[in-house]
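Down below is the structure, laid out as structure tokens.
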Amino acid sequence: MKALFIVVLFLFSGQLYSQQSDTIPAAPQEKVQMIFMDSVKLARKNRLPIPKKALLYSLVLPGSGQVYNGHWWKAPFAVGAIGGMVYLVQYNNGFYQKLKTALELELMNKPHQFSDLNLGVNGLRANRDSYDKNRQLSYVGVVAAYGLVAIEAFVDAHLQNFDISEDLSWRIKPTFQSDPRLGMGGPGIGIVFMVK
């Protein structure tokens with residue numbers, strides 16, 4: 001918002017300058033250019049992130065949307081959430097594969113990794129199915145964490161210009177409401193929000 005105000009102010013001052021070009025000496029022109037350059041530097045310093053860019057960056061590389069928004073400290077949490085879910089996929093898949101192999105060997109009456117536990121065919125099958133379910137849930141978790149990281153970057157970019165001033169107040173006051181389509185109007189109640 002500040003950058004937009006500065007650009008509009010500059011454009012307005014440029015129109016004034018073009019109308020009075022005969023009377024303004026060369027020195028103030030340099031001053032106007034310096035003010036413009038200072039305002040450009042200020043706008044770059046206080047730039048607001050573009051939400052679509054933040055979303056795209058997060059989809060390409062998890063955590064980069066948070067860095068783009070200027071909240072670099074969120075990036076390790078984003079990468080950690082996705083990395084943790086990938087770890088769970090590998091962990092559950094490893095046990096699923098071991099139990100699947102053990103069940104096949106048990107059905108052929110051959111020794112396997114879990115022979116000491118005396119689980120039998122039903123026990124091995126139940127544990128295999130349990131780890132298979134956990135593996136599938138972990139895949140869903142990876143997709144969910146990936147999506148949440150991207151959505152967080154998108155929403156954070158949107159909220160960068162949200163007004164968080166301490167004095168947000170409102171009051172109710174009577175108003176006159178009119179409808180130009182009907183040509184009628186009448187008294188009403190309006191709510192006025194005041195931001196200071």
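Residues in the structure tokens are named by chain (A, B, ... in the order shown) and by number from 1 within that chain; ligands are numbered from 1 in the order shown.
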Asp132 in chain A: which residues within 10 Å, counting only C-alpha atoms, same-chain residues fewer than 6 positions away excluded, as a compact mmCIF listing (two decimals) with N, CA, C and O atoms, in the first residue's frame?
```txt
# COMPACT_ATOMS: atom_id res chain seq x y z
N VAL A 89 6.89 -43.21 5.80
CA VAL A 89 6.63 -44.07 4.63
C VAL A 89 7.71 -45.15 4.54
O VAL A 89 7.41 -46.34 4.38
N ASN A 92 7.42 -47.73 7.59
CA ASN A 92 6.30 -48.66 7.44
C ASN A 92 6.48 -49.58 6.24
O ASN A 92 6.12 -50.76 6.29
N ASN A 93 7.04 -49.06 5.15
CA ASN A 93 7.27 -49.89 3.98
C ASN A 93 8.32 -50.97 4.27
O ASN A 93 8.20 -52.11 3.81
N GLY A 94 9.35 -50.62 5.04
CA GLY A 94 10.38 -51.59 5.40
C GLY A 94 9.80 -52.76 6.18
O GLY A 94 10.05 -53.94 5.87
N PHE A 95 8.99 -52.46 7.20
CA PHE A 95 8.38 -53.54 7.98
C PHE A 95 7.35 -54.31 7.17
O PHE A 95 7.21 -55.53 7.32
N TYR A 96 6.63 -53.63 6.29
CA TYR A 96 5.67 -54.31 5.43
C TYR A 96 6.38 -55.33 4.55
O TYR A 96 5.93 -56.47 4.42
N GLN A 97 7.50 -54.94 3.93
CA GLN A 97 8.24 -55.85 3.06
C GLN A 97 8.80 -57.04 3.85
O GLN A 97 8.76 -58.19 3.38
N LEU A 99 7.61 -58.32 6.68
CA LEU A 99 6.51 -59.19 7.09
C LEU A 99 5.91 -59.94 5.90
O LEU A 99 5.47 -61.08 6.03
N LYS A 100 5.90 -59.30 4.75
CA LYS A 100 5.40 -59.97 3.54
C LYS A 100 6.30 -61.15 3.18
O LYS A 100 5.82 -62.26 2.90
N ALA A 126 -1.76 -60.40 10.00
CA ALA A 126 -2.35 -59.24 10.69
C ALA A 126 -1.32 -58.10 10.81
O ALA A 126 -1.64 -56.93 10.57
N SER A 138 0.70 -43.06 5.57
CA SER A 138 1.89 -42.21 5.50
C SER A 138 2.00 -41.53 4.14
O SER A 138 2.42 -40.37 4.05
```
Please provide the set of residues having any atom within 8 Å of range 73-80 of chain A, restricted to only C-alpha atoms, with same-chain residues fewer than 4 positions apart removed, written as number ranges by chain. A: 62-64, 66-67, 84, 149
DSSP strand (DSSP E) residues within range 37-187 of chain A, as a PDB file with N, CA and C atoms, in the first residue's frame:
```
ATOM      1  N   LEU A 168      -8.711  -0.824  16.382  1.00  0.00           N
ATOM      2  CA  LEU A 168      -9.740  -1.161  15.412  1.00  0.00           C
ATOM      3  C   LEU A 168     -11.072  -1.069  16.158  1.00  0.00           C
ATOM      4  N   SER A 169     -11.848  -0.061  15.853  1.00  0.00           N
ATOM      5  CA  SER A 169     -13.104   0.119  16.577  1.00  0.00           C
ATOM      6  C   SER A 169     -14.242   0.326  15.593  1.00  0.00           C
ATOM      7  N   TRP A 170     -15.458   0.197  16.091  1.00  0.00           N
ATOM      8  CA  TRP A 170     -16.625   0.397  15.246  1.00  0.00           C
ATOM      9  C   TRP A 170     -17.738   1.005  16.082  1.00  0.00           C
ATOM     10  N   ARG A 171     -18.681   1.616  15.386  1.00  0.00           N
ATOM     11  CA  ARG A 171     -19.837   2.177  16.065  1.00  0.00           C
ATOM     12  C   ARG A 171     -21.042   2.082  15.138  1.00  0.00           C
ATOM     13  N   ILE A 172     -22.190   2.061  15.736  1.00  0.00           N
ATOM     14  CA  ILE A 172     -23.435   1.999  14.983  1.00  0.00           C
ATOM     15  C   ILE A 172     -23.997   3.405  14.892  1.00  0.00           C
ATOM     16  N   LYS A 173     -24.418   3.804  13.681  1.00  0.00           N
ATOM     17  CA  LYS A 173     -24.989   5.136  13.528  1.00  0.00           C
ATOM     18  C   LYS A 173     -26.143   5.065  12.521  1.00  0.00           C
ATOM     19  N   PRO A 174     -27.100   5.959  12.662  1.00  0.00           N
ATOM     20  CA  PRO A 174     -28.221   5.945  11.717  1.00  0.00           C
ATOM     21  C   PRO A 174     -27.774   6.434  10.342  1.00  0.00           C
ATOM     22  N   THR A 175     -28.354   5.839   9.312  1.00  0.00           N
ATOM     23  CA  THR A 175     -28.033   6.229   7.943  1.00  0.00           C
ATOM     24  C   THR A 175     -29.316   6.322   7.123  1.00  0.00           C
ATOM     25  N   PHE A 176     -29.204   6.902   5.958  1.00  0.00           N
ATOM     26  CA  PHE A 176     -30.315   6.946   5.013  1.00  0.00           C
ATOM     27  C   PHE A 176     -29.911   6.085   3.824  1.00  0.00           C
ATOM     28  N   GLN A 177     -30.658   5.031   3.589  1.00  0.00           N
ATOM     29  CA  GLN A 177     -30.334   4.115   2.503  1.00  0.00           C
ATOM     30  C   GLN A 177     -31.279   4.355   1.344  1.00  0.00           C
ATOM     31  N   SER A 178     -30.724   4.421   0.151  1.00  0.00           N
ATOM     32  CA  SER A 178     -31.566   4.628  -1.023  1.00  0.00           C
ATOM     33  C   SER A 178     -31.282   3.549  -2.051  1.00  0.00           C
ATOM     34  N   ASP A 179     -32.310   3.254  -2.839  1.00  0.00           N
ATOM     35  CA  ASP A 179     -32.189   2.283  -3.915  1.00  0.00           C
ATOM     36  C   ASP A 179     -32.494   3.006  -5.211  1.00  0.00           C
ATOM     37  N   MET A 184     -36.495   4.819  -4.357  1.00  0.00           N
ATOM     38  CA  MET A 184     -37.008   4.927  -2.983  1.00  0.00           C
ATOM     39  C   MET A 184     -35.831   4.901  -2.018  1.00  0.00           C
ATOM     40  N   GLY A 185     -36.098   5.310  -0.832  1.00  0.00           N
ATOM     41  CA  GLY A 185     -35.105   5.260   0.210  1.00  0.00           C
ATOM     42  C   GLY A 185     -35.765   5.252   1.560  1.00  0.00           C
ATOM     43  N   GLY A 186     -34.979   5.048   2.580  1.00  0.00           N
ATOM     44  CA  GLY A 186     -35.533   5.035   3.919  1.00  0.00           C
ATOM     45  C   GLY A 186     -34.438   5.011   4.957  1.00  0.00           C
ATOM     46  N   PRO A 187     -34.808   5.199   6.199  1.00  0.00           N
ATOM     47  CA  PRO A 187     -33.818   5.183   7.267  1.00  0.00           C
ATOM     48  C   PRO A 187     -33.293   3.761   7.500  1.00  0.00           C
TER      49      PRO A 187
END
```
